[in-house]
>>> print(open('protein_3.tsv').read())   # TSV, C-alpha atoms
chain	number	residue	atom	x	y	z
A	1	MET	CA	139.13	-72.14	64.13
A	2	LEU	CA	137.52	-74.57	66.54
A	3	ILE	CA	136.09	-77.99	65.67
A	4	LEU	CA	134.13	-79.72	68.48
A	5	GLY	CA	135.86	-77.37	70.89
A	6	TYR	CA	139.40	-78.37	69.78
A	7	PRO	CA	141.82	-76.07	67.90
A	8	MET	CA	142.43	-77.03	64.25
A	9	LYS	CA	146.20	-77.30	64.83
A	10	LEU	CA	145.63	-79.87	67.55
A	11	LEU	CA	143.52	-82.05	65.25
A	12	VAL	CA	146.34	-82.13	62.72
A	13	PHE	CA	148.53	-84.00	65.21
A	14	PHE	CA	145.74	-85.97	66.90
A	15	PRO	CA	143.19	-86.66	64.15
A	16	LEU	CA	141.22	-89.24	66.19
A	17	ILE	CA	140.77	-87.21	69.33
A	18	TYR	CA	137.26	-86.11	68.41
A	19	ASP	CA	135.83	-89.61	67.81
A	20	ARG	CA	137.84	-91.78	70.17
A	21	SER	CA	134.60	-93.11	71.68
A	22	ASN	CA	133.75	-94.73	68.34
A	23	ILE	CA	136.90	-96.86	68.26
A	24	VAL	CA	136.04	-100.56	68.64
A	25	TYR	CA	138.74	-102.96	69.80
A	26	THR	CA	138.06	-106.46	68.50
A	27	GLY	CA	141.42	-108.18	68.94
A	28	TYR	CA	142.53	-110.79	71.41
A	29	ARG	CA	145.88	-111.98	72.67
A	30	VAL	CA	147.05	-115.23	74.23
A	31	PHE	CA	149.74	-115.13	76.91
A	32	SER	CA	151.54	-117.81	78.89
A	33	ALA	CA	151.84	-117.15	82.60
A	34	ASN	CA	155.06	-119.14	82.80
A	35	SER	CA	158.21	-118.67	80.75
A	36	THR	CA	159.70	-122.15	81.21
A	37	THR	CA	159.82	-124.42	78.16
A	38	ALA	CA	157.76	-127.24	79.71
A	39	CYS	CA	154.92	-124.91	80.68
A	40	THR	CA	154.78	-122.97	77.40
A	41	GLU	CA	154.49	-126.12	75.27
A	42	LEU	CA	150.69	-126.32	75.64
A	43	ALA	CA	150.36	-122.56	75.08
A	44	LYS	CA	152.30	-122.84	71.80
A	45	LYS	CA	150.12	-125.70	70.58
A	46	ILE	CA	146.98	-123.68	71.32
A	47	THR	CA	148.25	-120.56	69.52
A	48	GLU	CA	149.30	-122.64	66.50
A	49	ARG	CA	145.75	-123.98	66.22
A	50	LEU	CA	144.34	-120.47	66.55
A	51	GLY	CA	146.77	-119.04	64.00
A	52	VAL	CA	148.04	-116.30	66.32
A	53	ASP	CA	151.35	-115.50	67.95
A	54	LEU	CA	151.95	-116.04	71.64
A	55	GLY	CA	151.83	-112.73	73.50
A	56	LYS	CA	155.14	-111.16	74.42
A	57	SER	CA	155.76	-111.20	78.14
A	58	VAL	CA	158.45	-112.15	80.62
A	59	VAL	CA	157.66	-114.02	83.84
A	60	TYR	CA	160.48	-114.66	86.27
A	61	GLN	CA	161.49	-114.89	89.92
A	62	GLU	CA	163.91	-112.40	91.40
A	63	SER	CA	166.75	-113.41	93.68
A	64	ASN	CA	164.47	-113.16	96.72
A	65	ARG	CA	161.90	-115.45	94.96
A	66	GLU	CA	159.40	-112.66	94.32
A	67	THR	CA	157.44	-113.07	91.09
A	68	ARG	CA	157.74	-110.36	88.48
A	69	VAL	CA	155.77	-110.02	85.24
A	70	ASP	CA	156.59	-107.68	82.36
A	71	VAL	CA	154.02	-107.41	79.55
A	72	LYS	CA	155.85	-106.35	76.39
A	73	GLU	CA	152.92	-105.20	74.23
A	74	SER	CA	149.70	-103.22	74.44
A	75	VAL	CA	146.60	-105.05	75.67
A	76	ARG	CA	144.26	-102.06	75.96
A	77	GLY	CA	140.66	-102.91	75.11
A	78	GLN	CA	141.40	-106.52	74.10
A	79	ASP	CA	140.28	-109.95	75.27
A	80	ILE	CA	143.28	-111.53	76.97
A	81	PHE	CA	143.63	-115.27	77.53
A	82	ILE	CA	146.22	-116.40	80.10
A	83	ILE	CA	147.30	-120.02	79.77
A	84	GLN	CA	148.74	-121.43	82.97
A	85	THR	CA	149.71	-125.07	83.30
A	86	ILE	CA	150.57	-126.11	86.82
A	87	PRO	CA	154.05	-127.62	87.30
A	88	ARG	CA	155.29	-129.18	90.53
A	89	ASP	CA	155.81	-125.79	92.17
A	90	VAL	CA	152.10	-125.11	92.54
A	91	ASN	CA	152.29	-122.00	94.71
A	92	THR	CA	154.72	-120.22	92.38
A	93	ALA	CA	152.42	-120.99	89.44
A	94	ILE	CA	149.47	-119.47	91.30
A	95	MET	CA	151.43	-116.28	92.05
A	96	GLU	CA	152.49	-116.04	88.40
A	97	LEU	CA	148.86	-116.22	87.34
A	98	LEU	CA	147.71	-113.68	89.93
A	99	VAL	CA	150.47	-111.18	89.15
A	100	MET	CA	149.97	-111.45	85.38
A	101	ALA	CA	146.19	-111.06	85.69
A	102	TYR	CA	146.62	-107.96	87.84
A	103	ALA	CA	149.21	-106.53	85.41
A	104	LEU	CA	146.80	-106.98	82.50
A	105	LYS	CA	143.95	-105.45	84.50
A	106	THR	CA	146.16	-102.46	85.31
A	107	ASN	CA	146.96	-102.09	81.61
A	108	CYS	CA	143.26	-101.78	80.70
A	109	ALA	CA	142.56	-105.20	79.17
A	110	LYS	CA	138.87	-105.54	78.32
A	111	ASN	CA	138.39	-109.12	79.53
A	112	ILE	CA	140.89	-111.42	81.23
A	113	ILE	CA	140.17	-115.12	80.80
A	114	GLY	CA	142.25	-117.71	82.63
A	115	VAL	CA	142.89	-120.98	80.78
A	116	ILE	CA	143.79	-123.31	83.65
A	117	PRO	CA	143.45	-126.91	82.39
A	118	TYR	CA	144.26	-128.37	85.81
A	119	PHE	CA	142.83	-126.25	88.61
A	120	PRO	CA	145.15	-126.42	91.65
A	121	TYR	CA	143.93	-127.11	95.19
A	122	SER	CA	140.82	-128.75	93.70
A	123	LYS	CA	141.09	-131.62	96.19
A	124	GLN	CA	140.76	-129.12	99.03
A	125	CYS	CA	137.16	-128.27	98.17
A	126	LYS	CA	135.55	-129.71	101.30
A	127	MET	CA	135.84	-128.94	104.98
A	128	ARG	CA	138.34	-131.23	106.69
A	129	LYS	CA	138.69	-131.22	110.45
A	130	ARG	CA	139.43	-127.64	111.50
A	131	GLY	CA	141.03	-126.59	108.24
A	132	SER	CA	139.59	-124.49	105.45
A	133	ILE	CA	138.21	-124.77	101.92
A	134	VAL	CA	141.33	-123.58	100.13
A	135	CYS	CA	139.79	-123.95	96.68
A	136	LYS	CA	137.23	-121.27	97.51
A	137	LEU	CA	140.00	-118.98	98.75
A	138	LEU	CA	141.83	-119.39	95.44
A	139	ALA	CA	138.65	-118.59	93.51
A	140	SER	CA	138.28	-115.35	95.46
A	141	MET	CA	141.92	-114.42	94.84
A	142	LEU	CA	141.57	-114.93	91.09
A	143	ALA	CA	138.48	-112.71	90.98
A	144	LYS	CA	140.24	-110.01	92.99
A	145	ALA	CA	143.27	-110.14	90.67
A	146	GLY	CA	141.06	-109.29	87.70
A	147	LEU	CA	140.00	-112.54	86.02
A	148	THR	CA	136.53	-112.38	84.46
A	149	HIS	CA	136.20	-115.95	83.15
A	150	ILE	CA	137.93	-119.33	83.52
A	151	ILE	CA	138.35	-122.26	81.16
A	152	THR	CA	139.35	-125.45	82.93
A	153	MET	CA	139.06	-129.20	82.43
A	154	ASP	CA	137.61	-132.01	84.56
A	155	LEU	CA	137.34	-130.29	87.93
A	156	HIS	CA	137.83	-132.73	90.78
A	157	GLN	CA	134.33	-131.85	91.97
A	158	LYS	CA	131.91	-130.10	89.64
A	159	GLU	CA	130.50	-128.11	92.57
A	160	ILE	CA	133.74	-126.10	92.60
A	161	GLN	CA	132.17	-123.91	89.89
A	162	GLY	CA	129.94	-122.47	92.61
A	163	PHE	CA	132.96	-120.94	94.38
A	164	PHE	CA	133.42	-118.40	91.57
A	165	SER	CA	131.66	-115.08	91.06
A	166	PHE	CA	132.24	-115.23	87.28
A	167	PRO	CA	131.61	-117.85	84.53
A	168	VAL	CA	133.54	-121.15	84.57
A	169	ASP	CA	133.64	-123.50	81.57
A	170	ASN	CA	134.51	-126.99	82.79
A	171	LEU	CA	135.54	-128.86	79.63
A	172	ARG	CA	135.81	-132.65	79.45
A	173	ALA	CA	138.77	-134.78	78.37
A	174	SER	CA	136.75	-138.00	78.13
A	175	PRO	CA	136.13	-137.75	74.33
A	176	PHE	CA	139.89	-137.74	73.72
A	177	LEU	CA	140.53	-140.62	76.14
A	178	LEU	CA	137.67	-142.65	74.66
A	179	GLN	CA	139.13	-142.09	71.20
A	180	TYR	CA	142.53	-143.30	72.45
A	181	ILE	CA	140.96	-146.49	73.80
A	182	GLN	CA	139.24	-147.22	70.50
A	183	GLU	CA	142.25	-146.46	68.31
A	184	GLU	CA	145.29	-147.44	70.37
A	185	ILE	CA	144.24	-150.40	72.52
A	186	PRO	CA	144.16	-153.60	70.44
A	187	ASP	CA	141.11	-155.79	71.06
A	188	TYR	CA	139.52	-153.15	73.31
A	189	ARG	CA	136.20	-154.96	72.82
A	190	ASN	CA	137.55	-157.55	75.27
A	191	ALA	CA	138.17	-154.86	77.90
A	192	ILE	CA	136.32	-154.02	81.09
A	193	ILE	CA	136.17	-150.58	82.71
A	194	VAL	CA	137.27	-150.57	86.35
A	195	ALA	CA	136.55	-148.10	89.14
A	196	LYS	CA	139.31	-148.41	91.73
A	197	SER	CA	136.93	-147.23	94.46
A	198	PRO	CA	133.15	-146.78	94.77
A	199	SER	CA	133.59	-143.00	94.56
A	200	ALA	CA	134.88	-143.38	90.98
A	201	ALA	CA	132.01	-145.63	89.90
A	202	LYS	CA	130.01	-142.90	88.11
A	203	ARG	CA	132.93	-141.92	85.90
A	204	ALA	CA	133.69	-145.57	85.13
A	205	GLN	CA	130.03	-146.25	84.34
A	206	SER	CA	130.02	-143.38	81.85
A	207	TYR	CA	133.06	-144.83	80.04
A	208	ALA	CA	131.56	-148.34	80.05
A	209	GLU	CA	128.25	-147.20	78.61
A	210	ARG	CA	129.86	-145.17	75.82
A	211	LEU	CA	132.20	-148.01	74.83
A	212	ARG	CA	129.50	-150.70	75.32
A	213	LEU	CA	131.76	-152.55	77.77
A	214	GLY	CA	131.32	-154.18	81.15
A	215	LEU	CA	131.95	-152.48	84.50
A	216	ALA	CA	133.84	-153.62	87.58
A	217	VAL	CA	134.14	-151.82	90.91
A	218	MET	CA	136.84	-152.41	93.51
A	219	HIS	CA	135.98	-152.13	97.17
A	220	GLY	CA	137.71	-153.08	100.37
A	221	GLU	CA	140.33	-152.30	102.97
A	222	ALA	CA	143.03	-151.31	100.46
A	223	GLN	CA	141.01	-148.29	99.33
A	224	CYS	CA	141.05	-144.92	101.08
A	225	SER	CA	138.71	-142.41	99.48
A	226	GLU	CA	138.23	-138.79	100.49
A	227	SER	CA	134.73	-139.50	101.77
A	228	ASP	CA	136.20	-141.82	104.40
A	229	MET	CA	138.32	-139.14	106.05
A	230	ALA	CA	137.11	-138.19	109.52
A	231	ASP	CA	136.51	-134.46	109.81
A	232	GLY	CA	137.19	-134.42	113.57
A	233	ARG	CA	134.30	-132.12	114.37
A	234	HIS	CA	132.55	-134.72	116.53
A	235	SER	CA	135.26	-134.57	119.19
A	236	PRO	CA	134.34	-132.36	122.18
A	237	PRO	CA	136.85	-129.83	123.53
A	238	PRO	CA	138.96	-131.06	126.48
A	239	MET	CA	137.40	-130.33	129.85
A	240	SER	CA	139.56	-128.46	132.33
A	241	SER	CA	139.51	-129.41	136.00
A	242	GLY	CA	136.69	-127.84	137.95
A	243	ARG	CA	134.77	-126.91	134.80
A	244	THR	CA	131.18	-128.07	134.49
A	245	THR	CA	129.28	-128.75	131.30
A	246	SER	CA	126.46	-126.50	130.26
A	247	GLY	CA	124.47	-129.34	128.69
A	248	HIS	CA	121.63	-131.24	130.28
A	249	PRO	CA	122.77	-133.78	132.85
A	250	GLY	CA	122.54	-137.31	131.58
A	251	LEU	CA	122.31	-136.28	127.91
A	252	GLU	CA	123.78	-139.00	125.71
A	253	LEU	CA	123.83	-138.66	121.92
A	254	PRO	CA	123.82	-141.79	119.73
A	255	LEU	CA	127.38	-142.85	118.97
A	256	MET	CA	128.32	-143.19	115.30
A	257	MET	CA	129.83	-146.60	114.72
A	258	ALA	CA	133.33	-146.64	113.24
A	259	LYS	CA	133.68	-147.86	109.67
A	260	GLU	CA	135.24	-151.25	109.09
A	261	LYS	CA	135.91	-152.11	105.47
A	262	PRO	CA	135.67	-155.70	104.28
A	263	PRO	CA	138.60	-157.48	102.61
A	264	ILE	CA	139.27	-156.12	99.14
A	265	THR	CA	136.82	-157.39	96.56
A	266	VAL	CA	136.25	-156.85	92.86
A	267	VAL	CA	132.60	-156.64	91.87
A	268	GLY	CA	132.65	-157.83	88.27
A	269	ASP	CA	134.50	-160.47	86.27
A	270	VAL	CA	137.94	-159.32	85.04
A	271	GLY	CA	139.31	-162.78	84.26
A	272	GLY	CA	140.83	-162.97	80.77
A	273	ARG	CA	140.01	-159.28	80.15
A	274	ILE	CA	141.87	-156.03	79.55
A	275	ALA	CA	141.29	-153.90	82.66
A	276	ILE	CA	141.02	-150.15	82.09
A	277	ILE	CA	141.05	-148.08	85.30
A	278	VAL	CA	139.65	-144.57	84.84
A	279	ASP	CA	140.01	-141.54	87.12
A	280	ASP	CA	140.40	-137.77	86.91
A	281	ILE	CA	143.78	-137.37	88.65
A	282	ILE	CA	146.77	-139.65	89.00
A	283	ASP	CA	149.23	-138.26	91.53
A	284	ASP	CA	150.53	-140.64	94.19
A	285	VAL	CA	150.27	-143.97	92.42
A	286	GLU	CA	150.42	-146.42	95.33
A	287	ASP	CA	146.68	-147.10	95.23
A	288	PHE	CA	146.78	-147.56	91.44
A	289	VAL	CA	149.67	-150.01	91.77
A	290	ALA	CA	147.80	-151.95	94.48
A	291	ALA	CA	144.67	-152.02	92.31
A	292	ALA	CA	146.68	-153.32	89.35
A	293	GLU	CA	148.15	-156.15	91.44
A	294	THR	CA	144.69	-157.15	92.61
A	295	LEU	CA	143.32	-157.14	89.06
A	296	LYS	CA	146.28	-159.22	87.90
A	297	GLU	CA	145.53	-161.77	90.62
A	298	ARG	CA	141.90	-161.87	89.46
A	299	GLY	CA	142.99	-162.80	85.93
A	300	ALA	CA	143.27	-159.53	83.98
A	301	TYR	CA	146.02	-159.93	81.38
A	302	LYS	CA	146.57	-156.24	80.58
A	303	ILE	CA	146.04	-153.17	82.73
A	304	TYR	CA	145.66	-149.59	81.51
A	305	ILE	CA	145.11	-146.43	83.53
A	306	MET	CA	143.30	-143.48	81.94
A	307	ALA	CA	143.31	-140.11	83.71
A	308	THR	CA	142.89	-136.48	82.71
A	309	HIS	CA	145.56	-134.90	84.91
A	310	GLY	CA	148.90	-136.68	85.23
A	311	LEU	CA	150.56	-135.02	88.22
A	312	LEU	CA	152.76	-138.10	88.82
A	313	SER	CA	154.46	-136.74	91.92
A	314	ALA	CA	157.38	-138.12	93.92
A	315	GLU	CA	158.40	-141.66	92.88
A	316	ALA	CA	155.43	-142.21	90.59
A	317	PRO	CA	157.43	-142.96	87.37
A	318	ARG	CA	159.57	-145.58	89.11
A	319	LEU	CA	156.60	-147.24	90.81
A	320	ILE	CA	154.68	-147.41	87.53
A	321	GLU	CA	157.66	-148.87	85.70
A	322	GLU	CA	158.08	-151.62	88.34
A	323	SER	CA	154.36	-152.40	88.64
A	324	ALA	CA	151.93	-154.66	86.80
A	325	ILE	CA	150.53	-151.62	84.97
A	326	ASP	CA	151.05	-151.87	81.20
A	327	GLU	CA	150.30	-148.27	80.26
A	328	VAL	CA	149.32	-144.95	81.86
A	329	VAL	CA	147.50	-142.54	79.55
A	330	VAL	CA	147.10	-138.89	80.60
A	331	THR	CA	146.44	-135.60	78.82
A	332	ASN	CA	148.83	-132.67	78.53
A	333	THR	CA	146.94	-130.47	81.01
A	334	VAL	CA	150.00	-130.78	83.29
A	335	PRO	CA	153.65	-130.83	82.12
A	336	HIS	CA	155.10	-134.33	82.58
A	337	GLU	CA	157.89	-134.63	80.01
A	338	VAL	CA	160.46	-135.49	82.69
A	339	GLN	CA	158.28	-138.31	84.01
A	340	LYS	CA	157.88	-139.71	80.48
A	341	LEU	CA	161.65	-139.91	80.12
A	342	GLN	CA	161.81	-141.85	83.39
A	343	CYS	CA	158.97	-144.21	82.48
A	344	PRO	CA	158.16	-145.17	78.86
A	345	LYS	CA	154.80	-146.60	80.00
A	346	ILE	CA	153.41	-143.04	80.28
A	347	LYS	CA	151.59	-141.86	77.15
A	348	THR	CA	150.12	-138.42	76.38
A	349	VAL	CA	146.89	-137.35	74.68
A	350	ASP	CA	146.80	-133.81	73.31
A	351	VAL	CA	143.75	-131.70	74.32
A	352	SER	CA	144.92	-128.39	72.83
A	353	MET	CA	142.22	-128.69	70.15
A	354	ILE	CA	139.28	-128.23	72.54
A	355	LEU	CA	141.05	-125.49	74.52
A	356	ALA	CA	141.76	-123.54	71.33
A	357	GLU	CA	138.16	-123.91	70.17
A	358	ALA	CA	136.91	-122.70	73.56
A	359	ILE	CA	139.10	-119.60	73.27
A	360	ARG	CA	137.85	-118.88	69.76
A	361	ARG	CA	134.19	-119.27	70.72
A	362	ILE	CA	134.45	-117.12	73.84
A	363	HIS	CA	136.17	-114.31	71.95
A	364	ASN	CA	133.62	-114.41	69.11
A	365	GLY	CA	130.66	-114.62	71.49
A	366	GLU	CA	129.59	-118.02	70.15
A	367	SER	CA	127.76	-120.71	72.09
A	368	MET	CA	129.85	-123.26	73.99
A	369	ALA	CA	127.17	-125.95	73.63
A	370	TYR	CA	129.06	-127.59	70.75
A	371	LEU	CA	131.90	-128.50	73.13
A	372	PHE	CA	129.47	-130.24	75.49
A	373	ARG	CA	127.63	-132.44	73.00
A	374	ASN	CA	126.32	-135.63	74.64
A	375	ILE	CA	128.03	-134.65	77.90
A	376	THR	CA	126.05	-135.67	80.99
A	377	VAL	CA	126.36	-134.69	84.62
A	378	ASP	CA	128.31	-137.85	85.43
A	379	ASP	CA	130.96	-137.28	82.73
>>> encode(input="protein_3.tsv", output="structure tokens")
Amino acid sequence: MLILGYPMKLLVFFPLIYDRSNIVYTGYRVFSANSTTACTELAKKITERLGVDLGKSVVYQESNRETRVDVKESVRGQDIFIIQTIPRDVNTAIMELLVMAYALKTNCAKNIIGVIPYFPYSKQCKMRKRGSIVCKLLASMLAKAGLTHIITMDLHQKEIQGFFSFPVDNLRASPFLLQYIQEEIPDYRNAIIVAKSPSAAKRAQSYAERLRLGLAVMHGEAQCSESDMADGRHSPPPMSSGRTTSGHPGLELPLMMAKEKPPITVVGDVGGRIAIIVDDIIDDVEDFVAAAETLKERGAYKIYIMATHGLLSAEAPRLIEESAIDEVVVTNTVPHEVQKLQCPKIKTVDVSMILAEAIRRIHNGESMAYLFRNITVDD
């Protein structure tokens, strides 16, 4: 006897073979792209808030430093979220993410969403001299590996979203940092928000307006912002002997005058105030330490630094501990437990709540507008 072209005996052993097309997979799984304890801490906090178990996988480097990923459970037809926090070894973390995404794609995952709170190479998003825009290269690699969506937080430049061929949700950490200021800084009403360079003025202005505080901007020779870096493209190629130019004889283009910064100044009164410096990334802290010394000289009696991503590379913990800075507050988008042990001035704000809610909403097909309430372009 045949049913839908299949023998009856066959349907006894495979009862779903005739309506497999009607099966609907609605589950989702959350994986960590790094197996080290420091990097899985954020992933565990997110899964606890979601009420799910962390996906079973093993990520490791072989003796020749090649990255290998073994997924230990079925992901067929499911939404898969890969959480990857970026430790000091940035390039290894990128390979872990790429290899895991490709492994999940090969194993027929329905959607692969990367949860990358700190997006690496985000500072290399503009053309410098005769280099390349590495951030765009990384975006292309992630798409090729199989990612279909990315959740990140406080991109260094919001225009980076245009490098991707799939949706990017750029969440904000400012609500959590603003809450910390209101709840953990005594007498914050006597504070003033400080931008350590003119390029950070928009972010500082946003904080000042939301907290109803004053604004100060630092400017001068001690600052070195990315916009001041010469790209080198104005320099002509060296002329070999006997070679003639193809341009018009006597053509002289106007010469761009070299920049000369004035002595360091602070626009705004910080005397007798709590100075709160805000930025998106704190990595090499020399400029923050110099800014703190200047603010101390101008009369600020306490100095806080608020940043989303605490990379804190090299000697950052020691320099902070020996400086005039009273406290550095960062989120847990980047693992920095070792740095906290070296410097008790470093404090952490947990942002797993908003990341977990973003995962839940994306899986359920809900609007993300709730996570961007009262968020403006300058935030």
>>> residues_around(input="protein_3.tsv", residues="A:Val329", least_positions_apart="2", cutoff="6 Å", atoms="all atoms listed in the file", output="short mmCIF file (atom, residue, chain, number, x, y, z; two decimals) with C-alpha atoms, in the frame of the given file")
data_model
loop_
_atom_site.label_atom_id
_atom_site.label_comp_id
_atom_site.auth_asym_id
_atom_site.auth_seq_id
_atom_site.Cartn_x
_atom_site.Cartn_y
_atom_site.Cartn_z
CA MET A 306 143.30 -143.48 81.94
CA ILE A 346 153.41 -143.04 80.28
CA LYS A 347 151.59 -141.86 77.15
CA THR A 348 150.12 -138.42 76.38
#
>>> residues_around(input="protein_3.tsv", residues="A:Thr47", least_positions_apart="6", cutoff="8 Å", atoms="only C-alpha atoms", output="list of chain:residue names")
A:Val30, A:Asp53, A:Leu54, A:Ala356
>>> write_last_selection(input="protein_3.tsv", atoms="C-alpha atoms", output="mmCIF file, in the frame of the given file")
data_model
loop_
_atom_site.group_PDB
_atom_site.id
_atom_site.type_symbol
_atom_site.label_atom_id
_atom_site.label_comp_id
_atom_site.auth_asym_id
_atom_site.auth_seq_id
_atom_site.Cartn_x
_atom_site.Cartn_y
_atom_site.Cartn_z
ATOM 1 C CA VAL A 30 147.050 -115.230 74.230
ATOM 2 C CA ASP A 53 151.350 -115.500 67.950
ATOM 3 C CA LEU A 54 151.950 -116.040 71.640
ATOM 4 C CA ALA A 356 141.760 -123.540 71.330
#
>>> closest_atom_pairs(input="protein_3.tsv", of="stretch 163-190 of chain A", to="stretch 206-209 of chain A", cutoff="10 Å", atoms="only C-alpha atoms", output="CSV")
residue,atom,partner,partner_atom,distance
A:Ser174,CA,A:Tyr207,CA,8.0
A:Pro175,CA,A:Tyr207,CA,9.6
A:Leu177,CA,A:Tyr207,CA,9.4
A:Leu178,CA,A:Tyr207,CA,7.4
>>> residues_around(input="protein_3.tsv", residues="stretch 287-294 of chain A", least_positions_apart="6", cutoff="10 Å", atoms="all atoms listed in the file", output="ChimeraX atom specification")
/A:194-197,218-219,222-224,264-266,275-277,300,302-305,316,319-320,322-326
>>> closest_atom_pairs(input="protein_3.tsv", of="stretch 23-105 of chain A", to="stretch 332-336 of chain A", cutoff="7 Å", atoms="all atoms listed in the file", output="CSV")
residue,atom,partner,partner_atom,distance
A:Ala38,CA,A:Pro335,CA,6.0
A:Cys39,CA,A:Pro335,CA,6.2
A:Thr85,CA,A:Val334,CA,5.7
A:Ile86,CA,A:Val334,CA,5.9
A:Pro87,CA,A:Pro335,CA,6.1
>>> atom_distance(input="protein_3.tsv", atom1="atom CA of A:Val115", atom2="atom CA of A:Asp70")
19.2 Å
>>> atom_distance(input="protein_3.tsv", atom1="atom CA of A:Phe166", atom2="atom CA of A:Ala93")
21.1 Å
>>> atom_distance(input="protein_3.tsv", atom1="atom CA of A:Ser313", atom2="atom CA of A:Asp284")
6.0 Å
>>> residues_around(input="protein_3.tsv", residues="A:Lys44", least_positions_apart="6", cutoff="10 Å", atoms="only C-alpha atoms", output="PyMOL selection string")
chain A and resi 30-32+37+50+52-54+83+352
>>> closest_residue(input="protein_3.tsv", among="A:Cys125, A:Ile80, A:Leu211, A:Leu171", to="A:Gly146", atoms="only C-alpha atoms")
A:Ile80
>>> closest_residue(input="protein_3.tsv", among="A:Pro344, A:Gln339, A:Gly365, A:Ile193", to="A:Leu295", atoms="all atoms listed in the file")
A:Ile193
>>> residues_around(input="protein_3.tsv", residues="A:His363", least_positions_apart="6", cutoff="12 Å", atoms="all atoms listed in the file", output="MDAnalysis selection string")
chainID A and resid 25:30 50 78:81 110:113 149 356:357
>>> closest_residue(input="protein_3.tsv", among="A:Ile185, A:Val59, A:Ile151, A:Val71", to="A:Met368", atoms="all atoms listed in the file")
A:Ile151
>>> closest_residue(input="protein_3.tsv", among="A:Lys123, A:Met353, A:Ser132, A:Gly51", to="A:Glu159", atoms="only C-alpha atoms")
A:Lys123
>>> closest_residue(input="protein_3.tsv", among="A:Lys261, A:His156, A:Arg212, A:Arg360", to="A:Ile282", atoms="all atoms listed in the file")
A:His156
>>> axis_aligned_box(input="protein_3.tsv", around="stretch 338-341 of chain A", padding_each_side="6 Å", output="JSON")
{"center_x": 159.8, "center_y": -137.7, "center_z": 82.1, "size_x": 15.8, "size_y": 16.4, "size_z": 15.9}
